$ cat start_22.txt   # compact mmCIF, N, CA and C atoms
# COMPACT_ATOMS: atom_id res chain seq x y z
N ALA I 1 0.83 -1.20 0.00
CA ALA I 1 0.00 0.00 0.00
C ALA I 1 0.87 1.26 0.00
N LEU I 2 1.96 1.23 0.76
CA LEU I 2 2.84 2.40 0.81
C LEU I 2 3.49 2.66 -0.55
N LEU I 3 3.85 1.57 -1.24
CA LEU I 3 4.43 1.74 -2.58
C LEU I 3 3.43 2.43 -3.51
N GLY I 4 2.19 2.01 -3.44
CA GLY I 4 1.16 2.62 -4.27
C GLY I 4 0.97 4.08 -3.94
N LEU I 5 0.92 4.41 -2.66
CA LEU I 5 0.77 5.81 -2.26
C LEU I 5 1.97 6.64 -2.69
N ALA I 6 3.16 6.06 -2.59
CA ALA I 6 4.37 6.77 -3.01
C ALA I 6 4.34 7.02 -4.52
N ALA I 7 3.92 6.01 -5.27
CA ALA I 7 3.84 6.17 -6.73
C ALA I 7 2.84 7.24 -7.11
N ILE I 8 1.71 7.27 -6.43
CA ILE I 8 0.70 8.31 -6.70
C ILE I 8 1.27 9.68 -6.38
N ALA I 9 1.92 9.81 -5.24
CA ALA I 9 2.52 11.10 -4.87
C ALA I 9 3.54 11.54 -5.91
N SER I 10 4.31 10.60 -6.41
CA SER I 10 5.32 10.92 -7.42
C SER I 10 4.68 11.39 -8.72
N VAL I 11 3.64 10.70 -9.16
CA VAL I 11 2.93 11.09 -10.39
C VAL I 11 2.31 12.48 -10.24
N GLN I 12 1.87 12.79 -9.02
CA GLN I 12 1.25 14.09 -8.76
C GLN I 12 2.29 15.17 -8.45
N ASN I 13 3.57 14.84 -8.66
CA ASN I 13 4.68 15.77 -8.42
C ASN I 13 4.75 16.25 -6.98
N ARG I 14 4.33 15.42 -6.05
CA ARG I 14 4.48 15.70 -4.63
C ARG I 14 5.71 14.93 -4.15
N GLU I 15 6.88 15.43 -4.57
CA GLU I 15 8.12 14.70 -4.37
C GLU I 15 8.48 14.49 -2.90
N VAL I 16 8.23 15.45 -2.05
CA VAL I 16 8.54 15.30 -0.63
C VAL I 16 7.73 14.16 -0.03
N ASP I 17 6.44 14.12 -0.35
CA ASP I 17 5.58 13.03 0.13
C ASP I 17 6.05 11.69 -0.42
N ALA I 18 6.38 11.67 -1.71
CA ALA I 18 6.84 10.42 -2.33
C ALA I 18 8.11 9.92 -1.65
N GLN I 19 9.06 10.82 -1.41
CA GLN I 19 10.31 10.42 -0.76
C GLN I 19 10.03 9.85 0.64
N ARG I 20 9.16 10.51 1.39
CA ARG I 20 8.82 10.06 2.73
C ARG I 20 8.20 8.66 2.69
N LEU I 21 7.28 8.46 1.76
CA LEU I 21 6.61 7.16 1.65
C LEU I 21 7.56 6.06 1.21
N TYR I 22 8.45 6.35 0.26
CA TYR I 22 9.43 5.35 -0.15
C TYR I 22 10.36 5.01 1.00
N ARG I 23 10.71 6.01 1.81
CA ARG I 23 11.55 5.73 2.98
C ARG I 23 10.81 4.85 4.00
N GLU I 24 9.51 5.07 4.14
CA GLU I 24 8.72 4.20 5.03
C GLU I 24 8.73 2.76 4.53
N VAL I 25 8.63 2.59 3.21
CA VAL I 25 8.71 1.24 2.64
C VAL I 25 10.06 0.62 3.00
N LEU I 26 11.12 1.40 2.86
CA LEU I 26 12.46 0.87 3.15
C LEU I 26 12.68 0.61 4.64
N ASP I 27 11.98 1.34 5.49
CA ASP I 27 12.04 1.03 6.92
C ASP I 27 11.47 -0.36 7.19
N LEU I 28 10.42 -0.71 6.46
CA LEU I 28 9.78 -2.01 6.62
C LEU I 28 10.50 -3.12 5.87
N ASP I 29 11.05 -2.77 4.71
CA ASP I 29 11.71 -3.75 3.84
C ASP I 29 12.93 -3.10 3.20
N PRO I 30 14.07 -3.10 3.90
CA PRO I 30 15.26 -2.39 3.42
C PRO I 30 15.77 -2.85 2.05
N ARG I 31 15.38 -4.04 1.62
CA ARG I 31 15.86 -4.55 0.33
C ARG I 31 14.86 -4.33 -0.80
N ASN I 32 13.83 -3.55 -0.59
CA ASN I 32 12.81 -3.33 -1.61
C ASN I 32 13.43 -2.55 -2.78
N ALA I 33 13.63 -3.24 -3.89
CA ALA I 33 14.31 -2.64 -5.04
C ALA I 33 13.51 -1.52 -5.67
N THR I 34 12.20 -1.65 -5.67
CA THR I 34 11.36 -0.61 -6.27
C THR I 34 11.51 0.69 -5.51
N ALA I 35 11.44 0.63 -4.19
CA ALA I 35 11.57 1.83 -3.38
C ALA I 35 12.97 2.41 -3.48
N GLN I 36 13.98 1.55 -3.51
CA GLN I 36 15.36 2.04 -3.63
C GLN I 36 15.57 2.77 -4.96
N GLY I 37 15.08 2.16 -6.03
CA GLY I 37 15.23 2.78 -7.35
C GLY I 37 14.47 4.09 -7.45
N ALA I 38 13.26 4.11 -6.89
CA ALA I 38 12.45 5.34 -6.93
C ALA I 38 13.13 6.46 -6.16
N LEU I 39 13.71 6.14 -5.01
CA LEU I 39 14.41 7.17 -4.25
C LEU I 39 15.63 7.68 -5.00
N LEU I 40 16.36 6.78 -5.64
CA LEU I 40 17.50 7.21 -6.46
C LEU I 40 17.04 8.18 -7.54
N ASP I 41 15.92 7.85 -8.16
CA ASP I 41 15.38 8.70 -9.22
C ASP I 41 14.93 10.05 -8.67
N LEU I 42 14.25 10.06 -7.54
CA LEU I 42 13.74 11.30 -6.96
C LEU I 42 14.85 12.19 -6.39
N LEU I 43 15.82 11.57 -5.76
CA LEU I 43 16.86 12.35 -5.09
C LEU I 43 17.97 12.77 -6.04
N GLY I 44 18.12 12.04 -7.13
CA GLY I 44 19.23 12.33 -8.01
C GLY I 44 20.53 11.99 -7.29
N THR I 45 21.62 12.22 -7.95
CA THR I 45 22.91 11.94 -7.32
C THR I 45 24.01 12.71 -8.02
N THR I 46 25.01 13.05 -7.27
CA THR I 46 26.17 13.71 -7.87
C THR I 46 27.16 12.66 -8.37
N ASP I 47 27.04 11.45 -7.92
CA ASP I 47 27.93 10.37 -8.33
C ASP I 47 27.17 9.42 -9.24
N SER I 48 27.15 9.76 -10.53
CA SER I 48 26.36 8.98 -11.48
C SER I 48 26.92 7.57 -11.66
N THR I 49 28.23 7.40 -11.50
CA THR I 49 28.81 6.07 -11.63
C THR I 49 28.32 5.16 -10.52
N ALA I 50 28.27 5.69 -9.29
CA ALA I 50 27.78 4.89 -8.17
C ALA I 50 26.29 4.60 -8.34
N ALA I 51 25.53 5.58 -8.81
CA ALA I 51 24.09 5.37 -9.01
C ALA I 51 23.85 4.31 -10.08
N GLU I 52 24.62 4.39 -11.17
CA GLU I 52 24.48 3.39 -12.23
C GLU I 52 24.80 2.00 -11.70
N SER I 53 25.86 1.88 -10.96
CA SER I 53 26.24 0.59 -10.39
C SER I 53 25.16 0.07 -9.45
N ARG I 54 24.63 0.95 -8.62
CA ARG I 54 23.58 0.57 -7.67
C ARG I 54 22.33 0.09 -8.42
N LEU I 55 21.93 0.84 -9.44
CA LEU I 55 20.75 0.46 -10.22
C LEU I 55 20.94 -0.87 -10.93
N LYS I 56 22.11 -1.08 -11.50
CA LYS I 56 22.36 -2.35 -12.18
C LYS I 56 22.32 -3.52 -11.19
N GLY I 57 22.81 -3.28 -9.98
CA GLY I 57 22.74 -4.31 -8.95
C GLY I 57 21.30 -4.62 -8.56
N LEU I 58 20.50 -3.57 -8.43
CA LEU I 58 19.08 -3.76 -8.10
C LEU I 58 18.36 -4.50 -9.21
N ILE I 59 18.67 -4.14 -10.46
CA ILE I 59 18.05 -4.81 -11.61
C ILE I 59 18.45 -6.28 -11.65
N GLU I 60 19.70 -6.55 -11.36
CA GLU I 60 20.16 -7.94 -11.37
C GLU I 60 19.43 -8.76 -10.30
N ARG I 61 19.21 -8.15 -9.15
CA ARG I 61 18.55 -8.85 -8.04
C ARG I 61 17.05 -8.97 -8.27
N GLU I 62 16.43 -7.90 -8.76
CA GLU I 62 14.98 -7.88 -8.91
C GLU I 62 14.59 -6.97 -10.08
N PRO I 63 14.68 -7.48 -11.32
CA PRO I 63 14.38 -6.62 -12.47
C PRO I 63 12.94 -6.10 -12.42
N SER I 64 12.79 -4.84 -12.75
CA SER I 64 11.44 -4.27 -12.80
C SER I 64 11.44 -3.12 -13.81
N PRO I 65 10.30 -2.87 -14.43
CA PRO I 65 10.22 -1.76 -15.37
C PRO I 65 10.63 -0.43 -14.74
N HIS I 66 10.24 -0.22 -13.48
CA HIS I 66 10.57 1.05 -12.83
C HIS I 66 12.09 1.23 -12.70
N LEU I 67 12.79 0.17 -12.37
CA LEU I 67 14.25 0.28 -12.25
C LEU I 67 14.89 0.56 -13.60
N TYR I 68 14.40 -0.09 -14.65
CA TYR I 68 14.92 0.20 -15.98
C TYR I 68 14.64 1.65 -16.37
N GLN I 69 13.46 2.14 -16.02
CA GLN I 69 13.11 3.54 -16.29
C GLN I 69 14.08 4.48 -15.57
N THR I 70 14.37 4.18 -14.32
CA THR I 70 15.28 5.01 -13.54
C THR I 70 16.68 4.98 -14.15
N LEU I 71 17.12 3.81 -14.58
CA LEU I 71 18.42 3.70 -15.24
C LEU I 71 18.42 4.50 -16.54
N GLY I 72 17.34 4.41 -17.31
CA GLY I 72 17.22 5.20 -18.53
C GLY I 72 17.29 6.69 -18.25
N ASN I 73 16.64 7.13 -17.18
CA ASN I 73 16.69 8.55 -16.80
C ASN I 73 18.12 8.98 -16.49
N LEU I 74 18.85 8.13 -15.79
CA LEU I 74 20.24 8.43 -15.47
C LEU I 74 21.07 8.58 -16.75
N TYR I 75 20.88 7.66 -17.68
CA TYR I 75 21.61 7.74 -18.95
C TYR I 75 21.19 8.97 -19.75
N ALA I 76 19.90 9.29 -19.75
CA ALA I 76 19.42 10.46 -20.50
C ALA I 76 20.03 11.74 -19.94
N GLU I 77 20.15 11.84 -18.63
CA GLU I 77 20.77 13.02 -18.02
C GLU I 77 22.21 13.19 -18.49
N GLN I 78 22.85 12.08 -18.84
CA GLN I 78 24.23 12.11 -19.32
C GLN I 78 24.32 12.14 -20.84
N ALA I 79 23.17 12.23 -21.51
CA ALA I 79 23.09 12.20 -22.98
C ALA I 79 23.69 10.91 -23.55
N ARG I 80 23.56 9.83 -22.81
CA ARG I 80 23.99 8.51 -23.28
C ARG I 80 22.76 7.84 -23.90
N TRP I 81 22.39 8.32 -25.09
CA TRP I 81 21.10 7.96 -25.67
C TRP I 81 20.98 6.51 -26.09
N ASN I 82 22.06 5.88 -26.55
CA ASN I 82 21.98 4.45 -26.88
C ASN I 82 21.66 3.63 -25.63
N ASP I 83 22.34 3.95 -24.54
CA ASP I 83 22.09 3.24 -23.29
C ASP I 83 20.69 3.55 -22.76
N ALA I 84 20.30 4.82 -22.85
CA ALA I 84 18.96 5.22 -22.39
C ALA I 84 17.89 4.49 -23.18
N GLN I 85 18.06 4.42 -24.49
CA GLN I 85 17.07 3.74 -25.33
C GLN I 85 16.94 2.27 -24.93
N ALA I 86 18.05 1.61 -24.68
CA ALA I 86 17.99 0.19 -24.29
C ALA I 86 17.27 0.02 -22.95
N ALA I 87 17.56 0.90 -22.00
CA ALA I 87 16.91 0.82 -20.69
C ALA I 87 15.43 1.15 -20.80
N TYR I 88 15.10 2.19 -21.56
CA TYR I 88 13.69 2.55 -21.73
C TYR I 88 12.91 1.45 -22.46
N PHE I 89 13.57 0.78 -23.40
CA PHE I 89 12.91 -0.32 -24.08
C PHE I 89 12.56 -1.43 -23.09
N GLU I 90 13.49 -1.76 -22.19
CA GLU I 90 13.22 -2.79 -21.19
C GLU I 90 12.08 -2.37 -20.27
N ALA I 91 12.04 -1.10 -19.90
CA ALA I 91 10.94 -0.61 -19.06
C ALA I 91 9.62 -0.77 -19.80
N TYR I 92 9.59 -0.35 -21.06
CA TYR I 92 8.36 -0.45 -21.85
C TYR I 92 7.97 -1.92 -22.08
N ARG I 93 8.95 -2.74 -22.35
CA ARG I 93 8.69 -4.17 -22.58
C ARG I 93 8.06 -4.81 -21.34
N GLY I 94 8.49 -4.36 -20.16
CA GLY I 94 7.96 -4.91 -18.92
C GLY I 94 6.60 -4.36 -18.54
N ALA I 95 6.26 -3.17 -19.07
CA ALA I 95 4.97 -2.54 -18.74
C ALA I 95 4.49 -1.75 -19.95
N PRO I 96 4.02 -2.46 -20.99
CA PRO I 96 3.63 -1.78 -22.23
C PRO I 96 2.41 -0.87 -22.09
N GLY I 97 1.74 -0.93 -20.98
CA GLY I 97 0.59 -0.06 -20.75
C GLY I 97 0.95 1.25 -20.07
N ASN I 98 2.23 1.49 -19.82
CA ASN I 98 2.68 2.69 -19.14
C ASN I 98 3.04 3.76 -20.17
N ALA I 99 2.27 4.83 -20.20
CA ALA I 99 2.48 5.88 -21.20
C ALA I 99 3.82 6.58 -21.03
N ASP I 100 4.29 6.76 -19.80
CA ASP I 100 5.58 7.42 -19.58
C ASP I 100 6.73 6.60 -20.14
N TYR I 101 6.64 5.28 -20.01
CA TYR I 101 7.69 4.42 -20.55
C TYR I 101 7.72 4.52 -22.07
N ALA I 102 6.55 4.53 -22.69
CA ALA I 102 6.48 4.67 -24.15
C ALA I 102 7.02 6.03 -24.58
N TYR I 103 6.66 7.07 -23.85
CA TYR I 103 7.11 8.43 -24.19
C TYR I 103 8.63 8.54 -24.07
N ASN I 104 9.19 8.05 -22.98
CA ASN I 104 10.64 8.15 -22.82
C ASN I 104 11.39 7.34 -23.86
N LEU I 105 10.83 6.20 -24.24
CA LEU I 105 11.42 5.42 -25.32
C LEU I 105 11.37 6.23 -26.62
N ALA I 106 10.25 6.90 -26.87
CA ALA I 106 10.13 7.75 -28.06
C ALA I 106 11.18 8.86 -28.07
N VAL I 107 11.36 9.51 -26.94
CA VAL I 107 12.34 10.61 -26.86
C VAL I 107 13.74 10.08 -27.13
N SER I 108 14.08 8.94 -26.55
CA SER I 108 15.42 8.39 -26.77
C SER I 108 15.63 8.02 -28.24
N LEU I 109 14.61 7.44 -28.86
CA LEU I 109 14.71 7.12 -30.29
C LEU I 109 14.82 8.39 -31.13
N ASP I 110 14.09 9.42 -30.74
CA ASP I 110 14.15 10.72 -31.41
C ASP I 110 15.58 11.27 -31.33
N GLN I 111 16.18 11.19 -30.16
CA GLN I 111 17.55 11.69 -29.97
C GLN I 111 18.55 10.91 -30.83
N LEU I 112 18.23 9.65 -31.09
CA LEU I 112 19.11 8.82 -31.93
C LEU I 112 18.77 8.94 -33.41
N GLN I 113 17.86 9.86 -33.73
CA GLN I 113 17.41 10.12 -35.09
C GLN I 113 16.76 8.90 -35.75
N GLN I 114 16.13 8.09 -34.94
CA GLN I 114 15.37 6.94 -35.43
C GLN I 114 13.90 7.38 -35.46
N TYR I 115 13.61 8.29 -36.39
CA TYR I 115 12.34 9.00 -36.40
C TYR I 115 11.11 8.12 -36.62
N PRO I 116 11.12 7.15 -37.53
CA PRO I 116 9.91 6.32 -37.67
C PRO I 116 9.57 5.56 -36.38
N ALA I 117 10.60 5.01 -35.73
CA ALA I 117 10.37 4.29 -34.47
C ALA I 117 9.93 5.26 -33.38
N ALA I 118 10.54 6.45 -33.35
CA ALA I 118 10.15 7.46 -32.36
C ALA I 118 8.68 7.81 -32.52
N LEU I 119 8.24 8.02 -33.75
CA LEU I 119 6.84 8.36 -34.00
C LEU I 119 5.92 7.25 -33.48
N THR I 120 6.29 6.01 -33.73
CA THR I 120 5.48 4.88 -33.25
C THR I 120 5.28 4.96 -31.75
N TYR I 121 6.34 5.24 -31.01
CA TYR I 121 6.22 5.25 -29.55
C TYR I 121 5.59 6.54 -29.02
N TYR I 122 5.75 7.66 -29.73
CA TYR I 122 4.98 8.86 -29.35
C TYR I 122 3.48 8.55 -29.47
N GLU I 123 3.11 7.92 -30.58
CA GLU I 123 1.70 7.59 -30.79
C GLU I 123 1.19 6.61 -29.73
N LYS I 124 2.03 5.64 -29.37
CA LYS I 124 1.62 4.69 -28.32
C LYS I 124 1.44 5.43 -27.00
N ALA I 125 2.34 6.31 -26.67
CA ALA I 125 2.25 7.06 -25.42
C ALA I 125 0.97 7.89 -25.39
N LEU I 126 0.66 8.52 -26.52
CA LEU I 126 -0.54 9.36 -26.58
C LEU I 126 -1.83 8.54 -26.55
N ALA I 127 -1.77 7.31 -27.04
CA ALA I 127 -2.96 6.47 -27.06
C ALA I 127 -3.26 5.82 -25.71
N LEU I 128 -2.23 5.70 -24.87
CA LEU I 128 -2.43 5.06 -23.58
C LEU I 128 -3.11 6.02 -22.61
N GLY I 129 -4.02 5.52 -21.85
CA GLY I 129 -4.73 6.35 -20.87
C GLY I 129 -4.00 6.37 -19.55
N GLY I 130 -4.67 6.90 -18.57
CA GLY I 130 -4.13 6.92 -17.22
C GLY I 130 -3.23 8.11 -16.95
N ALA I 131 -2.73 8.15 -15.75
CA ALA I 131 -1.85 9.25 -15.34
C ALA I 131 -0.51 9.12 -16.04
N HIS I 132 0.05 10.25 -16.37
CA HIS I 132 1.38 10.27 -16.97
C HIS I 132 2.06 11.57 -16.59
N ARG I 133 3.38 11.58 -16.75
CA ARG I 133 4.15 12.74 -16.34
C ARG I 133 4.60 13.61 -17.51
N PHE I 134 4.51 13.13 -18.72
CA PHE I 134 5.00 13.91 -19.86
C PHE I 134 3.98 14.96 -20.28
N ASP I 135 4.47 15.95 -20.99
CA ASP I 135 3.62 17.04 -21.50
C ASP I 135 2.92 16.55 -22.76
N ARG I 136 1.63 16.31 -22.66
CA ARG I 136 0.87 15.75 -23.77
C ARG I 136 0.92 16.64 -25.01
N ALA I 137 0.79 17.95 -24.82
CA ALA I 137 0.81 18.88 -25.96
C ALA I 137 2.16 18.83 -26.68
N GLN I 138 3.21 18.73 -25.92
CA GLN I 138 4.54 18.64 -26.50
C GLN I 138 4.70 17.34 -27.29
N ALA I 139 4.21 16.25 -26.74
CA ALA I 139 4.29 14.95 -27.44
C ALA I 139 3.46 14.98 -28.72
N GLU I 140 2.27 15.57 -28.66
CA GLU I 140 1.42 15.67 -29.85
C GLU I 140 2.10 16.52 -30.93
N ALA I 141 2.71 17.61 -30.52
CA ALA I 141 3.39 18.49 -31.48
C ALA I 141 4.56 17.77 -32.15
N ARG I 142 5.33 17.03 -31.35
CA ARG I 142 6.48 16.32 -31.94
C ARG I 142 6.00 15.21 -32.88
N ALA I 143 4.96 14.49 -32.47
CA ALA I 143 4.42 13.44 -33.35
C ALA I 143 3.96 14.04 -34.67
N LEU I 144 3.31 15.19 -34.61
CA LEU I 144 2.84 15.86 -35.83
C LEU I 144 4.03 16.28 -36.71
N GLN I 145 5.08 16.78 -36.09
CA GLN I 145 6.29 17.15 -36.85
C GLN I 145 6.87 15.93 -37.56
N LEU I 146 6.94 14.82 -36.85
CA LEU I 146 7.51 13.63 -37.44
C LEU I 146 6.63 13.07 -38.56
N LYS I 147 5.31 13.16 -38.40
CA LYS I 147 4.40 12.71 -39.45
C LYS I 147 4.56 13.56 -40.70
N SER I 148 4.67 14.85 -40.52
CA SER I 148 4.75 15.74 -41.70
C SER I 148 6.11 15.65 -42.37
N ALA I 149 7.12 15.15 -41.67
CA ALA I 149 8.45 15.02 -42.26
C ALA I 149 8.60 13.76 -43.09
N ARG I 150 7.61 12.88 -43.02
CA ARG I 150 7.70 11.61 -43.78
C ARG I 150 7.65 11.86 -45.25
$ encode --input "start_22.txt" --output "structure tokens"
Amino acid sequence: ALLGLAAIASVQNREVDAQRLYREVLDLDPRNATAQGALLDLLGTTDSTAAESRLKGLIEREPSPHLYQTLGNLYAEQARWNDAQAAYFEAYRGAPGNADYAYNLAVSLDQLQQYPAALTYYEKALALGGAHRFDRAQAEARALQLKSAR
């Protein structure tokens, strides 16, 4: 239940609440990979090498779409788009109904100039319902640009 509340707080951009709730999860279950990965994502880090190593260890122990998403975010912050695309693909593959995963995969493909594939995932992100964190208008505009460039 705490994980769900933390995820909701995160989607609603209530980062302080989300961090508190993820820490409560870790108080109860210190090895919870989902909470650990989410906190890494929310808190950021100045040591990206250590964060990458930590995330890969968590993924090895308990692979999850959220951890792959967090790893993709780390790579994207470093403009390591090939690595980000691979991580975002694994996140999307694990949870194809998640619009944010589809959107981030689209952005990474866009950065790699793989425009037809990027358009496909922008369209998937826009077609998926539910809560999401990306700017819908921005995604629609980019999808339109890519369609008109064909």
$ atom_distance --input "start_22.txt" --atom1 "atom CA of Leu39 of chain I" --atom2 "atom CA of Asn104 of chain I"
19.0 Å
$ closest_residue --input "start_22.txt" --among "I:Ala18, I:Leu105, I:Ala84, I:Ala137" --to "Tyr122 of chain I" --atoms "only N, CA and C atoms"
I:Leu105
$ atom_distance --input "start_22.txt" --atom1 "atom CA of Leu144 of chain I" --atom2 "atom CA of Gly129 of chain I"
19.3 Å
$ residues_around --input "start_22.txt" --residues "segment 86-97 of chain I" --least-positions-apart "2" --cutoff "6 Å" --atoms "only N, CA and C atoms" --output "PDB file with N, CA and C atoms, keeping the file's coordinate frame"
ATOM      1  N   SER I  64      12.790  -4.840 -12.750  1.00  0.00           N
ATOM      2  CA  SER I  64      11.440  -4.270 -12.800  1.00  0.00           C
ATOM      3  C   SER I  64      11.440  -3.120 -13.810  1.00  0.00           C
ATOM      4  N   PRO I  65      10.300  -2.870 -14.430  1.00  0.00           N
ATOM      5  CA  PRO I  65      10.220  -1.760 -15.370  1.00  0.00           C
ATOM      6  C   PRO I  65      10.630  -0.430 -14.740  1.00  0.00           C
ATOM      7  N   HIS I  66      10.240  -0.220 -13.480  1.00  0.00           N
ATOM      8  CA  HIS I  66      10.570   1.050 -12.830  1.00  0.00           C
ATOM      9  C   HIS I  66      12.090   1.230 -12.700  1.00  0.00           C
ATOM     10  N   TYR I  68      14.400  -0.090 -14.650  1.00  0.00           N
ATOM     11  CA  TYR I  68      14.920   0.200 -15.980  1.00  0.00           C
ATOM     12  C   TYR I  68      14.640   1.650 -16.370  1.00  0.00           C
ATOM     13  N   GLN I  69      13.460   2.140 -16.020  1.00  0.00           N
ATOM     14  CA  GLN I  69      13.110   3.540 -16.290  1.00  0.00           C
ATOM     15  C   GLN I  69      14.080   4.480 -15.570  1.00  0.00           C
ATOM     16  N   LEU I  71      17.120   3.810 -14.580  1.00  0.00           N
ATOM     17  CA  LEU I  71      18.420   3.700 -15.240  1.00  0.00           C
ATOM     18  C   LEU I  71      18.420   4.500 -16.540  1.00  0.00           C
ATOM     19  N   GLY I  72      17.340   4.410 -17.310  1.00  0.00           N
ATOM     20  CA  GLY I  72      17.220   5.200 -18.530  1.00  0.00           C
ATOM     21  C   GLY I  72      17.290   6.690 -18.250  1.00  0.00           C
ATOM     22  N   TRP I  81      22.390   8.320 -25.090  1.00  0.00           N
ATOM     23  CA  TRP I  81      21.100   7.960 -25.670  1.00  0.00           C
ATOM     24  C   TRP I  81      20.980   6.510 -26.090  1.00  0.00           C
ATOM     25  N   ASN I  82      22.060   5.880 -26.550  1.00  0.00           N
ATOM     26  CA  ASN I  82      21.980   4.450 -26.880  1.00  0.00           C
ATOM     27  C   ASN I  82      21.660   3.630 -25.630  1.00  0.00           C
ATOM     28  N   ASP I  83      22.340   3.950 -24.540  1.00  0.00           N
ATOM     29  CA  ASP I  83      22.090   3.240 -23.290  1.00  0.00           C
ATOM     30  C   ASP I  83      20.690   3.550 -22.760  1.00  0.00           C
ATOM     31  N   ALA I  84      20.300   4.820 -22.850  1.00  0.00           N
ATOM     32  CA  ALA I  84      18.960   5.220 -22.390  1.00  0.00           C
ATOM     33  C   ALA I  84      17.890   4.490 -23.180  1.00  0.00           C
ATOM     34  N   ALA I  99       2.270   4.830 -20.200  1.00  0.00           N
ATOM     35  CA  ALA I  99       2.480   5.880 -21.200  1.00  0.00           C
ATOM     36  C   ALA I  99       3.820   6.580 -21.030  1.00  0.00           C
ATOM     37  N   TYR I 101       6.640   5.280 -20.010  1.00  0.00           N
ATOM     38  CA  TYR I 101       7.690   4.420 -20.550  1.00  0.00           C
ATOM     39  C   TYR I 101       7.720   4.520 -22.070  1.00  0.00           C
ATOM     40  N   ALA I 102       6.550   4.530 -22.690  1.00  0.00           N
ATOM     41  CA  ALA I 102       6.480   4.670 -24.150  1.00  0.00           C
ATOM     42  C   ALA I 102       7.020   6.030 -24.580  1.00  0.00           C
ATOM     43  N   ASN I 104       9.190   8.050 -22.980  1.00  0.00           N
ATOM     44  CA  ASN I 104      10.640   8.150 -22.820  1.00  0.00           C
ATOM     45  C   ASN I 104      11.390   7.340 -23.860  1.00  0.00           C
ATOM     46  N   LEU I 105      10.830   6.200 -24.240  1.00  0.00           N
ATOM     47  CA  LEU I 105      11.420   5.420 -25.320  1.00  0.00           C
ATOM     48  C   LEU I 105      11.370   6.230 -26.620  1.00  0.00           C
TER      49      LEU I 105
END
$ residues_around --input "start_22.txt" --residues "Ile8 of chain I" --least-positions-apart "6" --cutoff "8 Å" --atoms "all atoms listed in the file" --output "VMD selection string"
chain I and resid 2 14 17 to 18
$ residues_around --input "start_22.txt" --residues "Ala38 of chain I" --least-positions-apart "4" --cutoff "8 Å" --atoms "all atoms listed in the file" --output "compact mmCIF listing (two decimals) with N, CA and C atoms, in the coordinates of the input"
# COMPACT_ATOMS: atom_id res chain seq x y z
N ALA I 18 6.38 11.67 -1.71
CA ALA I 18 6.84 10.42 -2.33
C ALA I 18 8.11 9.92 -1.65
N GLN I 19 9.06 10.82 -1.41
CA GLN I 19 10.31 10.42 -0.76
C GLN I 19 10.03 9.85 0.64
N TYR I 22 8.45 6.35 0.26
CA TYR I 22 9.43 5.35 -0.15
C TYR I 22 10.36 5.01 1.00
N ASN I 32 13.83 -3.55 -0.59
CA ASN I 32 12.81 -3.33 -1.61
C ASN I 32 13.43 -2.55 -2.78
N ALA I 33 13.63 -3.24 -3.89
CA ALA I 33 14.31 -2.64 -5.04
C ALA I 33 13.51 -1.52 -5.67
N THR I 34 12.20 -1.65 -5.67
CA THR I 34 11.36 -0.61 -6.27
C THR I 34 11.51 0.69 -5.51
N LEU I 42 14.25 10.06 -7.54
CA LEU I 42 13.74 11.30 -6.96
C LEU I 42 14.85 12.19 -6.39
N LEU I 43 15.82 11.57 -5.76
CA LEU I 43 16.86 12.35 -5.09
C LEU I 43 17.97 12.77 -6.04
N GLY I 44 18.12 12.04 -7.13
CA GLY I 44 19.23 12.33 -8.01
C GLY I 44 20.53 11.99 -7.29
N HIS I 66 10.24 -0.22 -13.48
CA HIS I 66 10.57 1.05 -12.83
C HIS I 66 12.09 1.23 -12.70
N LEU I 67 12.79 0.17 -12.37
CA LEU I 67 14.25 0.28 -12.25
C LEU I 67 14.89 0.56 -13.60
N THR I 70 14.37 4.18 -14.32
CA THR I 70 15.28 5.01 -13.54
C THR I 70 16.68 4.98 -14.15
$ closest_residue --input "start_22.txt" --among "I:Leu119, I:Ile59, I:Leu21, I:Leu126" --to "Leu5 of chain I" --atoms "all atoms listed in the file"
I:Leu21
$ axis_aligned_box --input "start_22.txt" --around "segment 79-94 of chain I" --padding-each-side "3 Å" --output "lines of an AutoDock Vina configuration file"
center_x = 15.3
center_y = 3.7
center_z = -22.7
size_x = 23.4
size_y = 23.1
size_z = 14.3
$ closest_residue --input "start_22.txt" --among "I:Ala51, I:Ala79, I:Phe134, I:Gln113" --to "Leu146 of chain I" --atoms "only C-alpha atoms"
I:Gln113
$ residues_around --input "start_22.txt" --residues "Tyr115 of chain I" --least-positions-apart "5" --cutoff "9 Å" --atoms "only C-alpha atoms" --output "list in words"
Ala106, Leu109, Asp110, Thr120 and Leu146 of chain I
$ closest_residue --input "start_22.txt" --among "I:Glu52, I:Glu123, I:Asp41, I:Asp29" --to "Tyr75 of chain I" --atoms "only C-alpha atoms"
I:Glu52
$ residues_near_point --input "start_22.txt" --point "(-4.4, 12.4, -8.3)" --cutoff "8 Å" --atoms "only N, CA and C atoms" --output "VMD selection string"
chain I and resid 8 to 9 11 to 12
$ closest_residue --input "start_22.txt" --among "I:Arg136, I:Gln36, I:Arg20, I:Leu55" --to "Ala6 of chain I" --atoms "all atoms listed in the file"
I:Arg20
$ select_by_dssp --input "start_22.txt" --residues "segment 4-134 of chain I" --states "helix (DSSP H, G or I)" --output "NGL selection string"
:I and (4-11 or 15-28 or 33-43 or 48-61 or 65-77 or 81-94 or 99-111 or 115-127)
$ atom_distance --input "start_22.txt" --atom1 "atom CA of Lys56 of chain I" --atom2 "atom CA of Lys124 of chain I"
27.2 Å
